[in-house]
Structure formats: C-alpha cells, structure tokens
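Shown below: upload.cif, with mmCIF, C-alpha atoms.
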```cif
data_my_file
loop_
_atom_site.label_atom_id
_atom_site.label_comp_id
_atom_site.auth_asym_id
_atom_site.auth_seq_id
_atom_site.Cartn_x
_atom_site.Cartn_y
_atom_site.Cartn_z
CA MET A 1 19.44 5.25 45.36
CA SER A 2 19.04 1.53 45.15
CA ASP A 3 15.32 2.06 45.28
CA THR A 4 15.44 4.30 42.18
CA LEU A 5 17.65 1.81 40.40
CA GLU A 6 15.27 -1.01 41.13
CA ARG A 7 12.37 1.02 39.87
CA THR A 8 14.25 1.89 36.67
CA GLU A 9 14.99 -1.77 36.13
CA LEU A 10 11.35 -2.59 36.72
CA VAL A 11 10.21 -0.06 34.11
CA GLU A 12 12.78 -1.36 31.63
CA GLN A 13 11.67 -4.91 32.26
CA GLN A 14 8.04 -3.94 31.68
CA GLN A 15 8.97 -2.29 28.42
CA LEU A 16 10.78 -5.43 27.32
CA ASP A 17 7.77 -7.52 28.30
CA THR A 18 5.47 -5.39 26.16
CA PRO A 19 6.31 -6.24 22.58
CA TRP A 20 5.88 -3.91 19.71
CA VAL A 21 3.08 -4.79 17.32
CA THR A 22 2.11 -4.23 13.71
CA ILE A 23 -1.47 -3.00 13.40
CA VAL A 24 -3.39 -3.03 10.12
CA TRP A 25 -6.30 -0.61 9.96
CA ASN A 26 -9.51 -0.83 8.00
CA ASP A 27 -9.81 1.39 4.95
CA PRO A 28 -12.63 1.74 2.43
CA VAL A 29 -10.38 1.13 -0.56
CA ASN A 30 -8.73 -2.24 -0.25
CA LEU A 31 -10.62 -5.32 -1.30
CA MET A 32 -11.09 -8.04 1.31
CA THR A 33 -9.54 -10.59 -1.07
CA TYR A 34 -6.47 -8.38 -1.49
CA VAL A 35 -5.97 -7.85 2.26
CA SER A 36 -6.23 -11.59 2.79
CA TYR A 37 -3.79 -12.19 -0.09
CA VAL A 38 -1.26 -9.79 1.49
CA PHE A 39 -1.57 -11.49 4.88
CA ARG A 40 -0.98 -14.90 3.29
CA THR A 41 1.86 -14.01 0.95
CA TYR A 42 3.76 -11.49 3.08
CA PHE A 43 3.32 -12.91 6.59
CA GLY A 44 2.91 -16.52 5.46
CA PHE A 45 -0.37 -17.06 7.31
CA ALA A 46 -2.50 -20.07 6.38
CA ARG A 47 -5.62 -19.15 4.43
CA GLU A 48 -7.92 -19.57 7.41
CA ARG A 49 -5.82 -17.36 9.73
CA ALA A 50 -5.41 -14.72 7.01
CA GLU A 51 -9.18 -14.61 6.49
CA GLU A 52 -9.73 -14.36 10.24
CA LEU A 53 -7.35 -11.40 10.56
CA MET A 54 -8.83 -9.76 7.47
CA MET A 55 -12.34 -10.04 9.02
CA GLN A 56 -10.98 -8.52 12.24
CA VAL A 57 -9.71 -5.55 10.26
CA HIS A 58 -13.01 -5.27 8.42
CA GLU A 59 -15.28 -5.62 11.45
CA ASN A 60 -13.25 -4.18 14.33
CA GLY A 61 -11.47 -1.54 12.30
CA ARG A 62 -8.03 -2.96 13.06
CA ALA A 63 -6.07 -6.13 13.75
CA VAL A 64 -2.69 -6.91 15.27
CA VAL A 65 -0.92 -8.98 12.64
CA ALA A 66 2.57 -9.30 14.13
CA SER A 67 4.50 -8.65 17.33
CA GLY A 68 8.16 -8.53 18.24
CA ALA A 69 11.12 -6.19 18.05
CA ARG A 70 10.48 -2.60 17.09
CA GLU A 71 12.76 -2.65 14.03
CA GLU A 72 11.03 -5.76 12.73
CA MET A 73 7.60 -4.12 13.16
CA GLU A 74 8.85 -1.05 11.30
CA ARG A 75 9.91 -3.29 8.42
CA HIS A 76 6.45 -4.91 8.38
CA VAL A 77 4.73 -1.53 8.41
CA GLU A 78 6.85 -0.28 5.53
CA ALA A 79 6.03 -3.46 3.60
CA MET A 80 2.32 -2.94 4.26
CA HIS A 81 2.63 0.62 2.94
CA ASP A 82 4.26 -0.88 -0.17
CA PHE A 83 1.13 -2.96 -0.63
CA GLY A 84 -1.09 0.08 -0.07
CA LEU A 85 -2.41 -1.20 3.25
CA TRP A 86 -2.77 1.24 6.13
CA ALA A 87 -0.57 -0.02 8.97
CA THR A 88 1.18 1.38 12.03
CA VAL A 89 3.71 0.31 14.66
CA GLY A 90 2.36 0.36 18.22
CA LYS A 91 2.39 -1.23 21.61
CA GLU A 92 -0.43 -3.37 22.87
CA MET B 1 -13.28 -11.67 -21.47
CA SER B 2 -10.98 -11.19 -18.51
CA PRO B 3 -8.00 -8.91 -19.18
CA PHE B 4 -5.82 -11.19 -17.04
CA THR B 5 -5.47 -14.95 -17.51
CA ALA B 6 -3.20 -17.46 -15.80
CA GLY B 7 -0.38 -18.91 -17.90
CA ALA B 8 0.91 -22.44 -17.53
CA GLY B 9 4.14 -21.51 -15.72
CA GLY B 10 2.99 -19.03 -13.06
CA GLU B 11 3.02 -16.09 -15.43
CA VAL B 12 -0.07 -13.98 -16.04
CA ARG B 13 -1.14 -13.00 -19.54
CA ALA B 14 -2.69 -9.55 -19.95
CA GLN B 15 -4.49 -7.80 -22.76
CA PHE B 16 -6.24 -4.46 -22.90
CA SER B 17 -8.04 -2.52 -25.60
CA ASN B 18 -6.44 0.69 -26.83
CA PHE B 19 -8.91 2.71 -24.78
CA GLU B 20 -8.27 0.74 -21.57
CA SER B 21 -4.55 0.79 -22.15
CA GLN B 22 -4.54 4.57 -22.63
CA LEU B 23 -6.65 5.07 -19.51
CA LEU B 24 -4.36 2.89 -17.38
CA CYS B 25 -1.26 4.66 -18.72
CA ASP B 26 -2.78 8.04 -17.88
CA LEU B 27 -3.72 6.96 -14.36
CA ALA B 28 -0.37 5.31 -13.63
CA GLY B 29 1.42 8.37 -15.05
CA GLN B 30 -0.63 10.69 -12.84
CA LEU B 31 0.19 8.53 -9.83
CA SER B 32 3.92 8.71 -10.42
CA ASP B 33 3.74 12.47 -11.13
CA LEU B 34 1.84 13.03 -7.90
CA LEU B 35 4.36 11.00 -5.89
CA GLY B 36 7.32 12.65 -7.61
CA GLU B 37 6.03 16.15 -6.88
CA SER B 38 5.11 15.36 -3.29
CA VAL B 39 8.40 13.81 -2.26
CA PRO B 40 11.29 15.84 -3.63
CA ALA B 41 14.70 14.17 -3.79
CA PRO B 42 16.84 14.61 -0.67
CA ASP B 43 19.25 17.58 -0.77
CA ASP B 44 22.10 15.34 0.22
CA HIS B 45 23.30 13.54 -2.88
CA LEU B 46 24.81 10.61 -0.99
CA LEU B 47 21.61 10.05 0.98
CA ALA B 48 19.66 10.20 -2.27
CA ILE B 49 21.84 7.45 -3.72
CA VAL B 50 21.21 5.11 -0.81
CA GLY B 51 17.51 6.03 -0.81
CA ILE B 52 17.37 7.71 2.59
CA GLY B 53 15.22 10.80 2.82
CA GLY B 54 11.74 12.11 3.36
CA GLY B 55 9.61 14.87 4.76
CA GLU B 56 8.91 15.74 8.37
CA SER B 57 5.19 15.15 8.56
CA LEU B 58 2.08 13.74 6.98
CA SER B 59 1.08 15.40 3.69
CA ALA B 60 -1.87 17.79 3.70
CA ASP B 61 -3.02 16.10 0.47
CA PRO B 62 -5.29 13.23 1.62
CA ALA B 63 -4.20 11.04 -1.31
CA ILE B 64 -0.50 11.37 -0.48
CA ALA B 65 -1.27 11.08 3.24
CA ARG B 66 -2.82 7.70 2.53
CA LEU B 67 -0.11 6.51 0.10
CA LEU B 68 2.68 7.55 2.48
CA PRO B 69 1.00 7.34 5.89
CA ASP B 70 2.41 7.84 9.37
CA ALA B 71 4.14 4.72 10.71
CA TYR B 72 3.02 5.39 14.31
CA ALA B 73 -0.59 6.10 15.20
CA ASP B 74 0.12 8.04 18.40
CA ASP B 75 3.75 9.09 18.30
CA ALA B 76 4.33 12.08 16.03
CA GLU B 77 8.04 12.20 16.79
CA ALA B 78 8.63 8.54 15.93
CA SER B 79 6.50 8.93 12.80
CA SER B 80 8.52 11.93 11.71
CA GLU B 81 11.82 10.16 12.32
CA PHE B 82 10.69 7.09 10.39
CA ARG B 83 9.40 9.27 7.55
CA ARG B 84 12.70 11.14 7.24
CA LEU B 85 14.48 7.82 6.75
CA THR B 86 12.03 5.90 4.57
CA GLU B 87 9.52 8.13 2.79
CA HIS B 88 11.62 8.80 -0.25
CA SER B 89 12.40 5.16 -0.96
CA LEU B 90 8.75 4.15 -0.42
CA ALA B 91 7.63 6.78 -2.94
CA ASP B 92 10.38 5.66 -5.33
CA ARG B 93 9.23 2.05 -5.19
CA LYS B 94 5.66 3.13 -5.92
CA ILE B 95 6.85 5.23 -8.85
CA ALA B 96 8.91 2.30 -10.17
CA ASN B 97 5.83 0.04 -9.94
CA SER B 98 3.71 2.48 -11.92
CA ARG B 99 6.44 2.67 -14.59
CA VAL B 100 6.37 -1.11 -14.99
CA VAL B 101 2.65 -0.78 -15.76
CA VAL B 102 3.13 2.06 -18.24
CA THR B 103 6.08 0.54 -20.10
CA GLY B 104 4.33 -2.85 -20.28
CA LEU B 105 1.22 -1.31 -21.79
CA LEU B 106 3.14 0.89 -24.24
CA ALA B 107 5.27 -2.01 -25.44
CA ALA B 108 2.25 -4.28 -25.89
CA GLN B 109 0.36 -1.88 -28.19
CA ALA B 110 -2.92 -3.52 -27.17
CA ALA B 111 -1.56 -7.00 -27.96
CA GLU B 112 -1.38 -9.73 -25.34
CA PHE B 113 1.64 -9.50 -23.05
CA GLU B 114 3.12 -11.43 -20.17
CA LEU B 115 3.55 -10.45 -16.53
CA ASP B 116 6.25 -12.31 -14.63
CA ALA B 117 6.10 -12.55 -10.84
CA GLU B 118 7.81 -9.19 -10.39
CA ALA B 119 5.54 -7.40 -12.86
CA GLN B 120 2.50 -8.97 -11.20
CA GLN B 121 3.53 -7.34 -7.91
CA ALA B 122 4.07 -3.99 -9.62
CA TRP B 123 0.62 -4.23 -11.23
CA ILE B 124 -1.33 -5.30 -8.15
CA ARG B 125 0.29 -2.55 -6.07
CA THR B 126 -0.17 0.15 -8.70
CA LEU B 127 -3.85 -0.72 -9.16
CA THR B 128 -4.20 -0.37 -5.37
CA ASP B 129 -2.35 2.95 -5.28
CA ILE B 130 -4.43 4.42 -8.11
CA ARG B 131 -7.62 3.38 -6.29
CA ILE B 132 -6.27 5.03 -3.11
CA VAL B 133 -5.81 8.32 -4.99
CA LEU B 134 -9.26 8.13 -6.65
CA ALA B 135 -10.91 7.36 -3.28
CA ALA B 136 -9.22 10.38 -1.73
CA ARG B 137 -10.31 12.62 -4.62
CA LEU B 138 -13.90 11.35 -4.38
CA GLY B 139 -13.91 11.69 -0.58
CA ILE B 140 -14.67 7.99 -0.02
CA GLU B 141 -14.28 7.48 3.72
CA THR B 142 -16.31 4.43 4.75
CA ASP B 143 -16.85 0.96 3.30
CA ASP B 144 -20.24 1.72 1.71
CA ASP B 145 -19.40 5.29 0.73
CA LEU B 146 -19.88 6.00 -2.98
CA GLY B 147 -18.02 9.30 -2.66
CA ARG B 148 -18.99 12.59 -4.21
CA GLN B 149 -21.13 12.12 -7.34
CA ASP B 150 -21.93 15.78 -8.04
CA SER B 151 -20.31 16.15 -11.41
CA GLU B 152 -20.03 14.06 -14.55
CA GLN B 153 -16.31 13.79 -13.85
CA GLU B 154 -16.91 12.39 -10.37
CA VAL B 155 -19.38 9.84 -11.70
CA MET B 156 -16.80 8.80 -14.27
CA MET B 157 -14.07 8.59 -11.62
CA ARG B 158 -16.29 6.32 -9.57
CA ASP B 159 -16.81 4.07 -12.62
CA VAL B 160 -13.05 3.89 -13.11
CA TYR B 161 -12.58 3.16 -9.39
CA ASP B 162 -14.96 0.20 -9.63
CA TRP B 163 -13.40 -0.99 -12.90
CA LEU B 164 -9.97 -1.01 -11.22
CA ALA B 165 -11.41 -3.10 -8.36
CA ALA B 166 -12.69 -5.63 -10.91
CA LEU B 167 -9.28 -5.62 -12.62
CA GLN B 168 -7.56 -6.23 -9.33
CA THR B 169 -9.88 -9.14 -8.57
CA THR B 170 -9.20 -10.83 -11.91
CA LEU B 171 -5.47 -10.21 -11.55
CA LEU B 172 -5.46 -11.80 -8.08
CA ASP B 173 -7.44 -14.76 -9.47
CA ALA B 174 -4.94 -15.22 -12.30
CA MET B 175 -1.97 -14.87 -9.92
CA GLU B 176 -3.35 -17.54 -7.63
CA ALA B 177 -4.68 -19.90 -10.29
#
```
Written as structure tokens, how would this file's structure read?
Amino acid sequence: MSDTLERTELVEQQQLDTPWVTIVWNDPVNLMTYVSYVFRTYFGFARERAEELMMQVHENGRAVVASGAREEMERHVEAMHDFGLWATVGKE
Amino acid sequence: MSPFTAGAGGEVRAQFSNFESQLLCDLAGQLSDLLGESVPAPDDHLLAIVGIGGGESLSADPAIARLLPDAYADDAEASSEFRRLTEHSLADRKIANSRVVVTGLLAAQAAEFELDAEAQQAWIRTLTDIRIVLAARLGIETDDDLGRQDSEQEVMMRDVYDWLAALQTTLLDAMEA
C-alpha cells in the first residue's frame, strides 16, 4: 500500500518536474522576418534571441519558445494561431 | 512606391490602387467566408455569446486545418477538448481582422488612409492568413516549393502569394520604423 502511494507520488513529482512547452513548427508560408517579429513582440525576446529561435524553427523544423504551466502554454499556442504561426503544446 | 509608409506617431499610412484594393477586398472576403462556413456558431446561445465553441477535430480542408490547427501534436483528445473551447473565438478573431482590412479599403476609395496599432495587427495577420489559404490551395508544402503551376489560375495565385509576401514585408518595415 505504502509502496504504491510512494510510487504514485513519484510519478506525480516527475510530471511536475517536466514542464509543459510551447513549440513553434516550421511552415513554408511565414516569412522569417515575420516569425522573428512575433517572437519579439509577443514573447518580448531581444532581437538576437528572437532571430536565434526563428533560425531554429527554420533549420530544425521546430523550436521550444516557452515553458511553464499547461494553461499558460495553451494561451501562447492560441496566440500563435492568432498570428498564423503553427504551434502546439507539448512536453519536452 | 511602397503601399505602406511609417507615419510620425507610430501610425502606418497605406495606399492602394483601385485594382489592388479590389483584389485585397476579394481575398479578405473569401477568407472570412471560408472561416465562417467552416466554423458554424455554437448551438448553445449562451456559449456563443461568451465565444466558447468549436468542432471536434481538425478540418479535412488543408487551408482550414492550417488556420485552425490542432493545439497538441500527439494528443488527439487534448486537441479536441481545446478545439471545442477555443476554435470558434479564434475563427471569429480572424474574421474580425479581415473585416478591418475590407472596411479600411472600402472607406479609403484608393486614397491614402491610416492604420493605427490595432489595424496594423489586423492587417499583418490577415495578410498571413490569406497566404496560408493560397499556399494550401497551391499545395505548397516545403520552403522552396513553388506549388502547382499547371493552370493560368495557379500561376496567377502564385503571383498574388508573392505580392502578399512583399506587402507584408513593407508593412512590417513601416510598423517597426
């Protein structure tokens, strides 16, 4: 009994330790300048960091642009969809 | 001459020829029609008022699937749940953006007009959404993909797609000037 409980707690702890993330995916439509603009204006990244993340999206096909609580990531993803960027909530 | 220029106080000034203006109105109108048809209003009147509602799954139309994508890459159930709560309001915001573009162009009658910060957001997002639809219709799937160019109409669509990219670039420049 206590063994099961401990294991449950362990699993819950692991889930808490693994934050949710916002992933932006590469798409053939959006201009690199626009993606960088969205990263700067929405997330408040400095120009250099925004460019770096934009290049990650472009070259690796995706980039993690935020992490934290699930609800917050869902808000980010919805905002990205507002901008026409392709984004999903996930776990890293 | 660039259709968008930066004003002195953060506003952007815009001017289009009659032909360009008509073309943009048509495209923005088609975008809002497409979104309106794809995402019917929720049955529940109260939910409709607060903007909650949406379908169960990703649209079979690749253009709509890209405009209103799944929120989870590998969790269909979570995607569906999120869609049921948010899809309708997302589509509504996109429709509202496209209407800002259309009403601005119609009011201007090809004369110069001003975009405040809110209108700039509506414009930049609508230009993006129209390009998303055109890319889906042309079957553009990779970065260097020109899409189908089999008919005169497809060649013309590709020209419009590129023109919209140039418009978006000049709008971004003017917004950040």
For chain B, which residues have at least one atom within 6 Å of chain A, if we go by only C-alpha atoms? Write them as a count of residues only, please. 6
On this file, the PyMOL selection byres ((chain A and resi 56) around 12) gives some set of residues; write that set as a PyMOL selection string. chain A and resi 23-26+32+35-36+49-55+57-65
On this structure, which residues satisfy the PyMOL selection byres ((chain B and resi 93-108) around 10), written as an MDAnalysis selection string? (chainID A and resid 81:84) or (chainID B and resid 14:16 18 20:22 24:36 67:68 88:92 109:115 118:127 129:130)
Name the residues within 12 Å of (-3.4, 12.1, 3.0), counting all atoms listed in the file in the file's coordinates, and put them as a PDB file with C-alpha atoms, in the frame of the given file.
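Everything below was put into point_7.pdb:
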```pdb
ATOM      1  CA  TRP A  86      -2.770   1.240   6.130  1.00  0.00           C
TER       2      TRP A  86
ATOM      3  CA  LEU B  35       4.360  11.000  -5.890  1.00  0.00           C
ATOM      4  CA  SER B  38       5.110  15.360  -3.290  1.00  0.00           C
ATOM      5  CA  SER B  57       5.190  15.150   8.560  1.00  0.00           C
ATOM      6  CA  LEU B  58       2.080  13.740   6.980  1.00  0.00           C
ATOM      7  CA  SER B  59       1.080  15.400   3.690  1.00  0.00           C
ATOM      8  CA  ALA B  60      -1.870  17.790   3.700  1.00  0.00           C
ATOM      9  CA  ASP B  61      -3.020  16.100   0.470  1.00  0.00           C
ATOM     10  CA  PRO B  62      -5.290  13.230   1.620  1.00  0.00           C
ATOM     11  CA  ALA B  63      -4.200  11.040  -1.310  1.00  0.00           C
ATOM     12  CA  ILE B  64      -0.500  11.370  -0.480  1.00  0.00           C
ATOM     13  CA  ALA B  65      -1.270  11.080   3.240  1.00  0.00           C
ATOM     14  CA  ARG B  66      -2.820   7.700   2.530  1.00  0.00           C
ATOM     15  CA  LEU B  67      -0.110   6.510   0.100  1.00  0.00           C
ATOM     16  CA  LEU B  68       2.680   7.550   2.480  1.00  0.00           C
ATOM     17  CA  PRO B  69       1.000   7.340   5.890  1.00  0.00           C
ATOM     18  CA  ASP B  70       2.410   7.840   9.370  1.00  0.00           C
ATOM     19  CA  ILE B 132      -6.270   5.030  -3.110  1.00  0.00           C
ATOM     20  CA  VAL B 133      -5.810   8.320  -4.990  1.00  0.00           C
ATOM     21  CA  LEU B 134      -9.260   8.130  -6.650  1.00  0.00           C
ATOM     22  CA  ALA B 135     -10.910   7.360  -3.280  1.00  0.00           C
ATOM     23  CA  ALA B 136      -9.220  10.380  -1.730  1.00  0.00           C
ATOM     24  CA  ARG B 137     -10.310  12.620  -4.620  1.00  0.00           C
ATOM     25  CA  GLY B 139     -13.910  11.690  -0.580  1.00  0.00           C
ATOM     26  CA  GLU B 141     -14.280   7.480   3.720  1.00  0.00           C
TER      27      GLU B 141
END
```
Quote the spacing between CA of Val39 (chain B) and CA of Arg158 (chain B) in Å to one decimal place. 26.8 Å
